[in-house]
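Source file: data-v7.txt; contents: compact mmCIF, C-alpha atoms.
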```txt
# COMPACT_ATOMS: atom_id res chain seq x y z
CA MET A 1 77.72 97.51 137.95
CA SER A 2 81.00 95.68 137.55
CA MET A 3 80.79 91.91 137.77
CA SER A 4 82.55 88.87 136.37
CA ILE A 5 81.17 87.51 133.10
CA PRO A 6 80.01 83.89 133.32
CA LYS A 7 82.10 81.27 131.51
CA HIS A 8 79.25 78.85 130.74
CA ILE A 9 75.71 80.19 130.22
CA VAL A 10 72.80 77.81 129.64
CA VAL A 11 69.43 79.08 128.40
CA VAL A 12 66.66 76.56 129.02
CA GLY A 13 64.22 76.87 126.12
CA GLY A 14 64.73 77.38 122.39
CA GLY A 15 61.66 79.42 121.55
CA ILE A 16 61.78 83.03 120.46
CA GLN A 17 62.25 84.26 124.03
CA GLY A 18 65.06 81.88 124.97
CA THR A 19 66.79 82.30 121.62
CA SER A 20 66.56 86.07 121.94
CA VAL A 21 68.24 85.90 125.36
CA ALA A 22 71.04 83.74 123.95
CA TYR A 23 71.42 85.96 120.88
CA HIS A 24 71.73 89.17 122.89
CA LEU A 25 74.15 87.52 125.28
CA SER A 26 76.32 86.60 122.29
CA LYS A 27 76.14 90.17 120.96
CA GLN A 28 77.07 91.79 124.25
CA ILE A 29 79.85 89.33 125.03
CA LYS A 30 81.26 89.85 121.53
CA SER A 31 82.54 93.26 122.58
CA THR A 32 84.60 91.81 125.44
CA THR A 33 87.76 89.72 125.52
CA THR A 34 86.06 87.03 127.62
CA THR A 35 85.48 83.60 126.14
CA THR A 36 82.00 82.49 127.19
CA LYS A 37 80.16 79.40 126.01
CA ILE A 38 76.43 79.93 125.40
CA THR A 39 74.17 76.88 125.14
CA ILE A 40 70.45 76.63 124.45
CA LEU A 41 68.93 73.51 126.01
CA GLU A 42 65.80 72.79 124.00
CA SER A 43 63.53 69.80 124.63
CA LYS A 44 62.38 69.27 121.02
CA GLU A 45 63.75 71.71 118.43
CA PRO A 46 64.04 75.50 118.21
CA ALA A 47 60.67 77.22 117.72
CA SER A 48 58.79 73.94 118.06
CA ALA A 49 55.97 75.29 120.24
CA ALA A 50 54.27 78.71 120.19
CA SER A 51 57.24 80.33 118.45
CA GLY A 52 56.57 78.08 115.47
CA LYS A 53 52.81 78.52 115.51
CA GLY A 54 52.13 82.06 116.71
CA GLY A 55 50.83 84.94 114.62
CA GLY A 56 53.72 87.35 115.20
CA PHE A 57 51.68 90.54 115.50
CA MET A 58 53.14 93.52 117.37
CA ALA A 59 51.85 96.96 118.28
CA ARG A 60 54.09 99.69 119.63
CA SER A 61 51.46 101.75 121.46
CA TRP A 62 49.05 99.07 122.65
CA GLY A 63 50.72 98.78 126.06
CA ASP A 64 50.59 102.49 126.85
CA GLY A 65 50.03 103.25 130.53
CA SER A 66 50.90 99.75 131.73
CA PRO A 67 54.12 98.41 133.32
CA THR A 68 54.80 96.65 130.01
CA GLN A 69 54.71 99.83 127.93
CA ARG A 70 58.49 99.97 127.57
CA LEU A 71 58.57 96.32 126.44
CA HIS A 72 56.15 97.14 123.61
CA GLU A 73 58.05 100.22 122.53
CA LEU A 74 61.60 98.90 122.70
CA ALA A 75 60.79 95.55 121.10
CA PHE A 76 58.86 97.18 118.25
CA ASP A 77 61.79 99.45 117.43
CA MET A 78 64.29 96.61 117.76
CA TYR A 79 62.29 94.36 115.41
CA GLU A 80 62.41 96.97 112.66
CA GLU A 81 66.19 97.24 112.90
CA MET A 82 66.97 93.57 113.55
CA ALA A 83 64.58 91.96 111.09
CA SER A 84 65.25 94.30 108.19
CA ASN A 85 68.95 95.10 108.57
CA GLU A 86 70.65 92.76 111.01
CA LEU A 87 69.00 89.40 110.28
CA GLY A 88 67.51 89.82 106.82
CA CYS A 89 64.05 88.46 107.63
CA THR A 90 61.63 88.36 104.71
CA SER A 91 58.48 87.98 106.84
CA TYR A 92 58.73 91.30 108.69
CA ARG A 93 56.59 94.22 107.56
CA LYS A 94 54.43 96.98 108.93
CA LEU A 95 50.74 96.68 108.12
CA PRO A 96 47.46 98.49 108.87
CA VAL A 97 44.82 97.02 111.18
CA LEU A 98 41.03 97.16 111.04
CA SER A 99 38.40 96.44 113.66
CA VAL A 100 35.57 94.46 112.06
CA SER A 101 32.24 93.54 113.61
CA PRO A 102 30.31 90.45 112.51
CA GLY A 103 27.62 91.06 109.92
CA TYR A 104 23.96 90.17 110.03
CA ASN A 105 23.20 90.24 106.31
CA LYS A 106 23.16 86.52 105.61
CA SER A 107 22.80 87.08 101.87
CA LYS A 108 26.42 88.33 101.94
CA LYS A 109 25.69 90.49 98.91
CA ASN A 110 26.38 94.19 98.52
CA SER A 111 27.41 94.66 102.14
CA SER A 112 26.69 98.33 102.86
CA SER A 113 29.47 98.59 105.43
CA ILE A 114 32.05 97.26 102.96
CA ASN A 115 30.84 99.57 100.22
CA GLN A 116 30.96 102.55 102.56
CA ALA A 117 34.43 101.64 103.78
CA ARG A 118 35.81 101.28 100.24
CA THR A 119 34.63 104.75 99.32
CA ASP A 120 35.78 106.31 102.60
CA GLN A 121 38.81 108.54 102.11
CA THR A 122 40.51 107.16 105.23
CA LEU A 123 39.44 103.51 105.18
CA GLY A 124 39.44 102.94 101.43
CA PRO A 125 43.23 102.67 100.96
CA ILE A 126 43.58 99.98 103.66
CA MET A 127 40.49 97.88 102.83
CA PRO A 128 41.67 94.42 101.67
CA SER A 129 40.04 93.10 98.51
CA TRP A 130 39.46 89.70 100.14
CA LEU A 131 37.19 91.29 102.76
CA ASP A 132 34.10 91.09 100.58
CA GLY A 133 31.50 89.12 102.54
CA ASN A 134 29.18 89.49 105.47
CA VAL A 135 30.51 92.05 107.97
CA GLY A 136 29.19 94.87 110.13
CA ARG A 137 30.90 97.99 111.37
CA ILE A 138 34.46 98.61 110.14
CA SER A 139 36.86 101.05 111.81
CA PRO A 140 40.63 101.64 111.82
CA LEU A 141 42.88 100.41 114.64
CA GLY A 142 46.14 101.44 113.00
CA TYR A 143 47.55 102.59 109.70
CA GLY A 144 50.80 100.68 109.76
CA ASP A 145 52.97 103.21 111.55
CA ASP A 146 52.99 101.37 114.89
CA THR A 147 51.69 97.90 113.97
CA ALA A 148 53.72 95.19 112.29
CA GLN A 149 54.20 91.43 111.92
CA ILE A 150 56.92 88.81 111.83
CA THR A 151 56.82 85.07 111.28
CA PRO A 152 58.40 84.06 114.60
CA LYS A 153 59.94 80.81 113.41
CA GLU A 154 61.93 82.67 110.77
CA PHE A 155 63.13 85.16 113.39
CA VAL A 156 64.37 82.32 115.61
CA GLU A 157 66.14 80.61 112.73
CA LYS A 158 67.78 83.86 111.60
CA MET A 159 69.06 84.65 115.09
CA LEU A 160 70.68 81.22 115.36
CA GLU A 161 72.07 81.46 111.82
CA THR A 162 73.55 84.90 112.46
CA ALA A 163 75.05 83.91 115.82
CA GLY A 164 76.68 80.86 114.23
CA ASP A 165 79.02 78.95 116.51
CA LYS A 166 78.60 81.51 119.30
CA ILE A 167 75.45 79.61 120.34
CA GLN A 168 75.28 75.83 120.69
CA VAL A 169 71.92 74.06 120.70
CA VAL A 170 71.59 70.88 122.75
CA LEU A 171 68.39 68.82 122.51
CA GLY A 172 67.15 67.51 125.81
CA THR A 173 64.71 68.18 128.64
CA CYS A 174 65.97 70.04 131.69
CA THR A 175 65.55 68.06 134.91
CA GLY A 176 67.24 70.37 137.41
CA VAL A 177 70.37 72.25 138.38
CA GLU A 178 73.53 71.52 140.33
CA THR A 179 74.83 73.98 142.88
CA THR A 180 77.55 74.47 145.43
CA GLU A 181 77.82 76.58 148.56
CA ASN A 182 78.50 80.18 147.64
CA ASP A 183 81.31 82.06 149.38
CA ASP A 184 79.62 85.37 148.59
CA VAL A 185 76.27 84.99 150.38
CA SER A 186 75.23 88.47 149.24
CA GLU A 187 74.70 86.96 145.78
CA GLY A 188 72.83 83.90 147.09
CA CYS A 189 73.54 80.95 149.35
CA GLN A 190 73.83 78.54 146.42
CA LYS A 191 75.92 79.04 143.28
CA ILE A 192 74.96 77.43 139.96
CA THR A 193 77.53 74.90 138.71
CA GLY A 194 75.55 72.90 136.15
CA VAL A 195 72.25 72.12 134.42
CA LYS A 196 70.94 68.55 134.41
CA TYR A 197 69.01 67.20 131.45
CA GLN A 198 67.61 64.09 129.83
CA PRO A 199 68.99 63.87 126.25
CA ARG A 200 66.49 63.72 123.41
CA SER A 201 67.56 60.40 121.98
CA GLY A 202 64.38 58.37 122.13
CA ASP A 203 65.97 56.11 124.71
CA ASP A 204 64.15 56.56 128.01
CA GLU A 205 66.86 54.61 129.80
CA GLU A 206 69.69 56.91 128.73
CA GLU A 207 71.43 58.41 131.72
CA GLU A 208 70.84 61.98 132.77
CA GLN A 209 73.60 64.30 131.63
CA LEU A 210 75.09 67.57 132.88
CA LEU A 211 75.94 70.83 131.16
CA PRO A 212 78.55 72.81 133.10
CA ALA A 213 77.14 76.26 133.85
CA ASP A 214 77.77 79.18 136.13
CA ALA A 215 74.63 80.94 134.88
CA VAL A 216 71.25 79.56 133.81
CA ILE A 217 68.27 81.45 132.39
CA VAL A 218 64.97 79.54 132.42
CA SER A 219 62.94 80.62 129.41
CA ALA A 220 60.88 77.57 128.53
CA GLY A 221 57.45 79.10 128.01
CA PRO A 222 54.63 77.45 129.98
CA TRP A 223 56.96 74.68 131.17
CA SER A 224 59.16 77.18 133.02
CA CYS A 225 57.06 76.57 136.14
CA ALA A 226 59.05 73.35 136.64
CA ALA A 227 61.85 75.59 137.90
CA GLU A 228 59.98 75.76 141.22
CA ASP A 229 61.29 72.26 141.91
CA TRP A 230 64.73 72.79 140.35
CA PHE A 231 65.41 75.57 142.86
CA ASP A 232 64.04 73.69 145.89
CA GLY A 233 60.95 75.86 146.31
CA ALA A 234 62.94 79.09 146.63
CA VAL A 235 60.44 80.73 144.29
CA LYS A 236 56.81 80.07 143.41
CA LEU A 237 56.09 80.40 139.70
CA PRO A 238 52.38 79.82 139.11
CA ILE A 239 51.75 79.59 135.37
CA GLU A 240 48.65 78.58 133.47
CA GLY A 241 49.03 77.37 129.90
CA ILE A 242 46.25 78.66 127.66
CA LYS A 243 45.99 76.17 124.80
CA SER A 244 44.45 77.59 121.64
CA THR A 245 43.96 76.51 118.04
CA SER A 246 44.99 78.46 114.94
CA ILE A 247 44.61 77.91 111.20
CA VAL A 248 46.54 79.00 108.11
CA TRP A 249 44.93 79.49 104.68
CA LYS A 250 46.83 78.90 101.46
CA GLN A 251 47.12 81.72 98.96
CA PRO A 252 44.22 81.20 96.54
CA ASP A 253 45.10 80.03 93.04
CA ASP A 254 45.16 82.74 90.41
CA THR A 255 45.61 85.38 93.12
CA ASP A 256 48.76 87.41 92.62
CA ASN A 257 48.58 89.31 95.88
CA VAL A 258 46.85 88.97 99.26
CA ASP A 259 46.32 92.49 100.56
CA ALA A 260 48.24 93.18 103.76
CA THR A 261 45.66 94.43 106.25
CA ALA A 262 45.16 92.67 109.58
CA LEU A 263 41.72 92.32 111.17
CA PHE A 264 40.65 92.19 114.80
CA CYS A 265 37.08 90.93 114.74
CA GLY A 266 34.31 91.26 117.27
CA GLU A 267 32.61 88.34 118.96
CA ASN A 268 30.69 86.22 116.48
CA ASN A 269 28.08 84.41 118.52
CA ASP A 270 27.15 82.16 115.61
CA TYR A 271 30.54 80.47 115.79
CA GLY A 272 31.97 81.45 119.19
CA THR A 273 34.93 83.25 117.60
CA HIS A 274 36.67 86.63 117.85
CA LEU A 275 39.01 86.19 114.92
CA GLU A 276 42.41 87.79 114.49
CA VAL A 277 43.33 87.70 110.80
CA TYR A 278 46.94 88.21 109.68
CA PRO A 279 47.86 88.05 105.97
CA ARG A 280 51.54 87.16 105.62
CA PRO A 281 54.07 88.19 102.96
CA ASP A 282 54.11 84.64 101.55
CA GLY A 283 50.43 84.94 100.59
CA THR A 284 49.05 82.81 103.42
CA ILE A 285 46.57 84.09 105.99
CA TYR A 286 47.08 83.17 109.64
CA ILE A 287 43.99 83.17 111.89
CA CYS A 288 43.70 82.81 115.66
CA GLY A 289 41.15 84.08 118.19
CA ILE A 290 39.18 80.95 117.44
CA GLY A 291 37.74 80.49 120.95
CA GLY A 292 37.38 77.30 122.93
CA SER A 293 40.76 77.55 124.66
CA ASP A 294 41.76 75.01 127.31
CA TYR A 295 43.40 76.05 130.57
CA ILE A 296 46.29 73.83 131.65
CA PRO A 297 47.29 74.11 135.34
CA THR A 298 50.80 74.40 136.73
CA SER A 299 50.76 70.82 138.01
CA GLU A 300 50.23 69.41 134.51
CA LEU A 301 52.73 71.77 132.90
CA LYS A 302 55.39 70.57 135.33
CA GLU A 303 54.82 67.09 133.94
CA GLY A 304 55.38 68.36 130.38
CA ALA A 305 51.75 68.56 129.24
CA PHE A 306 51.47 69.14 125.46
CA ARG A 307 55.21 69.64 125.05
CA GLU A 308 55.57 66.80 122.55
CA VAL A 309 52.15 66.85 120.90
CA CYS A 310 49.69 69.76 120.84
CA ASN A 311 46.91 69.06 118.37
CA ALA A 312 44.30 71.47 117.04
CA ASN A 313 40.70 71.32 118.22
CA GLU A 314 38.89 70.22 115.07
CA ALA A 315 35.57 71.69 116.19
CA ARG A 316 37.21 75.09 116.53
CA VAL A 317 38.91 74.67 113.14
CA THR A 318 35.48 74.20 111.56
CA ALA A 319 34.00 77.16 113.44
CA ALA A 320 36.88 79.47 112.52
CA SER A 321 36.82 78.42 108.88
CA LYS A 322 33.10 79.13 108.56
CA SER A 323 33.40 82.39 110.46
CA PHE A 324 36.14 83.65 108.13
CA GLN A 325 34.38 82.41 104.99
CA ASP A 326 31.32 84.40 106.04
CA MET A 327 33.53 87.48 105.83
CA SER A 328 35.25 86.57 102.57
CA SER A 329 33.39 85.20 99.57
CA LEU A 330 36.79 84.62 97.90
CA TYR A 331 37.86 82.16 100.58
CA GLU A 332 34.35 80.68 100.74
CA LYS A 333 34.62 79.81 97.05
CA VAL A 334 38.26 78.80 96.61
CA GLY A 335 39.83 78.88 100.10
CA GLU A 336 41.94 75.90 101.13
CA LEU A 337 43.58 75.37 104.51
CA ASP A 338 47.33 74.92 104.52
CA ARG A 339 47.56 73.66 108.11
CA VAL A 340 45.82 73.59 111.47
CA GLN A 341 47.71 73.70 114.75
CA ALA A 342 47.61 74.51 118.45
CA CYS A 343 50.00 75.93 121.03
CA MET A 344 50.00 77.41 124.51
CA ARG A 345 50.67 80.85 125.85
CA PRO A 346 51.98 81.01 129.42
CA CYS A 347 50.17 83.30 131.84
CA ALA A 348 50.97 84.24 135.44
CA PRO A 349 48.09 85.13 137.81
CA ASP A 350 48.56 88.85 137.15
CA ALA A 351 49.17 88.39 133.41
CA MET A 352 52.68 89.87 133.81
CA PRO A 353 55.98 88.16 132.95
CA TYR A 354 58.56 86.72 135.32
CA MET A 355 61.85 88.44 134.53
CA GLY A 356 64.71 88.57 137.00
CA LYS A 357 66.92 86.67 139.42
CA ILE A 358 65.92 83.54 141.32
CA PRO A 359 66.25 84.45 145.02
CA GLY A 360 68.88 82.58 147.01
CA PHE A 361 70.83 81.43 143.95
CA ASP A 362 73.87 83.04 142.38
CA GLY A 363 73.68 82.76 138.58
CA ALA A 364 70.01 81.72 138.30
CA TYR A 365 67.46 83.75 136.32
CA ILE A 366 64.03 83.37 134.77
CA ASN A 367 62.38 84.95 131.72
CA ALA A 368 58.91 83.47 131.27
CA ALA A 369 55.11 83.90 131.37
CA HIS A 370 54.89 86.61 128.72
CA ASN A 371 51.22 85.83 128.03
CA CYS A 372 50.08 86.72 124.52
CA TRP A 373 52.95 89.17 123.94
CA GLY A 374 55.88 86.74 124.16
CA ILE A 375 56.69 87.03 120.46
CA ALA A 376 56.08 90.78 120.30
CA TRP A 377 58.37 91.48 123.28
CA ALA A 378 61.14 88.98 122.46
CA PRO A 379 63.95 91.36 121.36
CA ALA A 380 63.44 93.66 124.37
CA CYS A 381 63.26 90.76 126.83
CA GLY A 382 66.40 89.22 125.35
CA LYS A 383 68.29 92.49 125.62
CA ALA A 384 67.11 93.18 129.17
CA MET A 385 67.97 89.69 130.43
CA ALA A 386 71.40 89.79 128.77
CA GLU A 387 72.09 93.07 130.58
CA LEU A 388 70.99 91.55 133.88
CA VAL A 389 73.21 88.49 133.48
CA LEU A 390 76.30 90.32 132.25
CA GLU A 391 76.04 93.65 134.06
CA GLY A 392 73.97 92.83 137.14
CA LYS A 393 71.14 95.17 136.15
CA SER A 394 68.96 95.86 133.14
CA THR A 395 69.39 99.41 131.91
CA SER A 396 66.93 99.16 129.03
CA ILE A 397 63.89 97.85 130.94
CA ASN A 398 62.77 98.37 134.54
CA LEU A 399 62.32 94.76 135.69
CA ASP A 400 60.90 95.58 139.14
CA PRO A 401 57.23 94.96 138.18
CA PHE A 402 58.20 91.53 136.85
CA ASP A 403 59.87 90.25 140.06
CA PRO A 404 59.88 86.42 139.87
CA ALA A 405 59.34 86.21 143.66
CA ARG A 406 56.13 88.26 143.74
CA PHE A 407 54.01 85.16 144.42
CA THR A 408 56.49 83.58 146.82
CA PRO A 409 55.31 83.59 150.47
CA GLY A 410 57.46 85.91 152.53
CA ALA A 411 58.91 87.65 149.49
CA LYS A 412 57.95 91.05 148.13
CA ARG A 413 54.71 90.66 146.26
CA GLY A 414 53.84 92.23 142.95
CA GLY A 415 50.76 94.14 141.90
CA ARG A 416 47.17 93.14 142.39
CA GLY A 417 46.25 89.98 140.49
CA ARG A 418 43.93 90.39 137.52
CA LYS A 419 43.55 86.87 136.23
CA ARG A 420 41.78 83.83 137.55
CA ARG A 421 41.30 80.40 136.02
CA GLY A 422 38.85 80.44 133.16
CA MET A 423 38.66 84.22 132.84
CA ASN A 424 39.70 86.13 129.75
CA VAL A 425 43.06 87.86 130.22
CA GLY A 426 43.44 88.98 126.65
CA GLU A 427 42.82 85.92 124.47
CA GLN A 428 42.02 88.24 121.58
CA TRP A 429 45.45 89.89 121.73
```
Can you dump the structure from the file as structure tokens?
Amino acid sequence: MSMSIPKHIVVVGGGIQGTSVAYHLSKQIKSTTTTTKITILESKEPASAASGKGGGFMARSWGDGSPTQRLHELAFDMYEEMASNELGCTSYRKLPVLSVSPGYNKSKKNSSSINQARTDQTLGPIMPSWLDGNVGRISPLGYGDDTAQITPKEFVEKMLETAGDKIQVVLGTCTGVETTENDDVSEGCQKITGVKYQPRSGDDEEEEQLLPADAVIVSAGPWSCAAEDWFDGAVKLPIEGIKSTSIVWKQPDDTDNVDATALFCGENNDYGTHLEVYPRPDGTIYICGIGGSDYIPTSELKEGAFREVCNANEARVTAASKSFQDMSSLYEKVGELDRVQACMRPCAPDAMPYMGKIPGFDGAYINAAHNCWGIAWAPACGKAMAELVLEGKSTSINLDPFDPARFTPGAKRGGRGRKRRGMNVGEQW
């Protein structure tokens, strides 16, 4: 589809999703003769929320049969090329994955399941040495051909570094948009002319400022639901923020290598956990799936809940630490936490993302509510949204299932909802 390329594009949100959109816009525009200014409007700093605290696990085949299957596949393939060759990320690698059930042998000595796994021809080569405590059944989930990891903060930083002056980052909180009547009503009654924001200066009395824009992409994680008000109720964007704690272990002293096998653990009723354990190339071990998540409603997210400060739940830190130390006598003896943290993942009622145009507005788009796969899908989402903005249609991803207006009264609705407040929509993954 032939269409004019915007002159000023603003991406609201500097996490891995928003940065990926800006990065792929800069790559696609690079091949044209058009001069386009791309700005990321970020409230705090790039990768300051979930993109700076997430685990960064990805699995190519784990979305098979769902509308998001192509997102899994394309993003996984793009990560391998981008991280290794294009951006030079050091935290990307493929790694095997085990399913591990909690153990019941409280003596933690001579675990039969661990001994059997180490001598098994298939499991033995991917059994990590630090898994030496109290566990039950062990089975493979992947051998490293279609499972991988990235430290998302590094990926964000590398995208911005590689793009250089093609992307400008402005710190401030978006407060709305400016529009004018559109001559071409087929593209929407209102045309985007600017993005309003409150500068991040520490001065609450500083006047609101304006970024000129003829295209805006809202990609601000759980806080994207505020766009309901920015676009005068043209679209309903129900989002629930699921606030969860994670912990990171230091590499133990006198340990040269921390074996690279990820674990997805069953429910441990002693501690209320279902741990996900991700060893990283720097020797640390990242753990989430700690349980005890809080559910933050749309109304509170619109007010900026937990945008500035999002502290860990100390009770869940203790539970997760004990749960992991039950599984690893090494970390029980010499383990030391590097940091504890919390962040939110944004979830729509059907656990599907919002990706597409804002109805009634020319030059307005949203890319949000990616649930627990926001990091894993980031390259594919960035590419698809860049195609939509610059070409009028995404050719790499079918965006129809992710229609932003599917919960808007009178608009075409999406698929049957699968998530309700307080219910599990995939906290483990």
### Query
Using all atoms listed in the file, which of the listed residues (A:Ile192, A:Met78, A:Leu123, A:Ala49) sits closest to Pro346 of chain A?
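Closest residue, counting all atoms listed in the file: A:Ala49.
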### segment 387-399 of chain A surroundings by all atoms listed in the file, 9 Å radius, close-in-sequence under 6 positions cut, as number ranges by chain
A: 1-6, 24-25, 28-29, 67, 70-71, 74, 215, 217, 354-357, 363-365, 380-381
### Query
Using all atoms listed in the file, which of A:Gln341, A:Ser328, A:Ser61, A:Asn313 sits nearest Ile114 of chain A?
A:Ser328
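Closest to Gln198 of chain A among A:Pro46, A:Gly172, A:Gly52, A:Pro401 is A:Gly172, based on all atoms listed in the file.
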#### Entry: Using only C-alpha atoms: which of A:Thr151, A:Ser201, A:Ser129, A:Asn367 has the shortest distance to Val258 of chain A
A:Ser129
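Considering all atoms listed in the file, the residue among A:Asp120, A:Phe402, A:Gly144, A:Leu160 positioned nearest to Met385 of chain A is A:Phe402.
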### Query
Counting all atoms listed in the file, which of A:Tyr286, A:Phe76, A:Tyr104, A:Phe361 gets nearest to Cys189 of chain A?
A:Phe361
### Task
Find the residues with any atom within 12 Å of (63.9, 83.6, 114.1); use all atoms listed in the file and the coordinates as given in the file, and write the answer as a ChimeraX atom specification.
/A:14-20,23,46-48,51-52,56,79,82-83,86-92,150-163,375,378-379
For the residues selected in the previous step, produce a file with C-alpha atoms as a compact mmCIF listing (two decimals), keeping the file's coordinate frame.
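Saved file selection09.txt follows:
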```txt
# COMPACT_ATOMS: atom_id res chain seq x y z
CA GLY A 14 64.73 77.38 122.39
CA GLY A 15 61.66 79.42 121.55
CA ILE A 16 61.78 83.03 120.46
CA GLN A 17 62.25 84.26 124.03
CA GLY A 18 65.06 81.88 124.97
CA THR A 19 66.79 82.30 121.62
CA SER A 20 66.56 86.07 121.94
CA TYR A 23 71.42 85.96 120.88
CA PRO A 46 64.04 75.50 118.21
CA ALA A 47 60.67 77.22 117.72
CA SER A 48 58.79 73.94 118.06
CA SER A 51 57.24 80.33 118.45
CA GLY A 52 56.57 78.08 115.47
CA GLY A 56 53.72 87.35 115.20
CA TYR A 79 62.29 94.36 115.41
CA MET A 82 66.97 93.57 113.55
CA ALA A 83 64.58 91.96 111.09
CA GLU A 86 70.65 92.76 111.01
CA LEU A 87 69.00 89.40 110.28
CA GLY A 88 67.51 89.82 106.82
CA CYS A 89 64.05 88.46 107.63
CA THR A 90 61.63 88.36 104.71
CA SER A 91 58.48 87.98 106.84
CA TYR A 92 58.73 91.30 108.69
CA ILE A 150 56.92 88.81 111.83
CA THR A 151 56.82 85.07 111.28
CA PRO A 152 58.40 84.06 114.60
CA LYS A 153 59.94 80.81 113.41
CA GLU A 154 61.93 82.67 110.77
CA PHE A 155 63.13 85.16 113.39
CA VAL A 156 64.37 82.32 115.61
CA GLU A 157 66.14 80.61 112.73
CA LYS A 158 67.78 83.86 111.60
CA MET A 159 69.06 84.65 115.09
CA LEU A 160 70.68 81.22 115.36
CA GLU A 161 72.07 81.46 111.82
CA THR A 162 73.55 84.90 112.46
CA ALA A 163 75.05 83.91 115.82
CA ILE A 375 56.69 87.03 120.46
CA ALA A 378 61.14 88.98 122.46
CA PRO A 379 63.95 91.36 121.36
```
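Distance-wise, atom CA of Lys322 of chain A and atom CA of Gly335 of chain A end up 10.8 Å apart.
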### Query
Do you have the atom CA of Glu181 of chain A-atom CA of Gly194 of chain A distance handy?
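Separation of atom CA of Glu181 of chain A and atom CA of Gly194 of chain A: 13.1 Å.
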### Query
Between atom CA of Val195 of chain A and atom CA of Ala220 of chain A, what is the spacing in Å?
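Between these atoms lies a distance of 13.9 Å.
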### Task
Just the residues within 8 Å of Val317 of chain A, please, counting all atoms listed in the file, with nothing from its chain fewer than 5 positions along; format it as a VMD selection string.
chain A and resid 245 to 247 290 312 340
Taking the structure I provided as the source, export segment 390-394 of chain A with all heavy atoms, as a PDB file, in the first residue's frame.
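Output file part-v9.pdb is given in full below:
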```
ATOM      1  N   LEU A 390       4.399   2.694   8.326  1.00  0.00           N
ATOM      2  CA  LEU A 390       5.053   3.190   7.110  1.00  0.00           C
ATOM      3  C   LEU A 390       4.405   2.705   5.812  1.00  0.00           C
ATOM      4  O   LEU A 390       4.483   3.377   4.788  1.00  0.00           O
ATOM      5  CB  LEU A 390       6.528   2.791   7.111  1.00  0.00           C
ATOM      6  CG  LEU A 390       7.361   3.324   8.273  1.00  0.00           C
ATOM      7  CD1 LEU A 390       8.793   2.812   8.176  1.00  0.00           C
ATOM      8  CD2 LEU A 390       7.344   4.845   8.318  1.00  0.00           C
ATOM      9  N   GLU A 391       3.761   1.537   5.877  1.00  0.00           N
ATOM     10  CA  GLU A 391       3.209   0.952   4.656  1.00  0.00           C
ATOM     11  C   GLU A 391       1.689   0.806   4.688  1.00  0.00           C
ATOM     12  O   GLU A 391       1.078   0.457   3.673  1.00  0.00           O
ATOM     13  CB  GLU A 391       3.846  -0.418   4.409  1.00  0.00           C
ATOM     14  CG  GLU A 391       5.368  -0.374   4.291  1.00  0.00           C
ATOM     15  CD  GLU A 391       5.992  -1.760   4.332  1.00  0.00           C
ATOM     16  OE1 GLU A 391       5.265  -2.739   4.067  1.00  0.00           O
ATOM     17  OE2 GLU A 391       7.198  -1.859   4.629  1.00  0.00           O
ATOM     18  N   GLY A 392       1.089   1.047   5.855  1.00  0.00           N
ATOM     19  CA  GLY A 392      -0.360   0.938   5.972  1.00  0.00           C
ATOM     20  C   GLY A 392      -0.860  -0.442   6.315  1.00  0.00           C
ATOM     21  O   GLY A 392      -2.040  -0.646   6.603  1.00  0.00           O
ATOM     22  N   LYS A 393       0.039  -1.434   6.336  1.00  0.00           N
ATOM     23  CA  LYS A 393      -0.348  -2.812   6.638  1.00  0.00           C
ATOM     24  C   LYS A 393       0.882  -3.602   7.046  1.00  0.00           C
ATOM     25  O   LYS A 393       1.962  -3.422   6.477  1.00  0.00           O
ATOM     26  CB  LYS A 393      -0.999  -3.460   5.407  1.00  0.00           C
ATOM     27  CG  LYS A 393      -1.442  -4.904   5.614  1.00  0.00           C
ATOM     28  CD  LYS A 393      -2.090  -5.448   4.360  1.00  0.00           C
ATOM     29  CE  LYS A 393      -2.474  -6.923   4.513  1.00  0.00           C
ATOM     30  NZ  LYS A 393      -3.462  -7.136   5.589  1.00  0.00           N
ATOM     31  N   SER A 394       0.717  -4.471   8.030  1.00  0.00           N
ATOM     32  CA  SER A 394       1.811  -5.361   8.406  1.00  0.00           C
ATOM     33  C   SER A 394       1.803  -6.574   7.490  1.00  0.00           C
ATOM     34  O   SER A 394       0.782  -7.258   7.354  1.00  0.00           O
ATOM     35  CB  SER A 394       1.675  -5.816   9.855  1.00  0.00           C
ATOM     36  OG  SER A 394       2.613  -6.849  10.137  1.00  0.00           O
TER      37      SER A 394
END
```
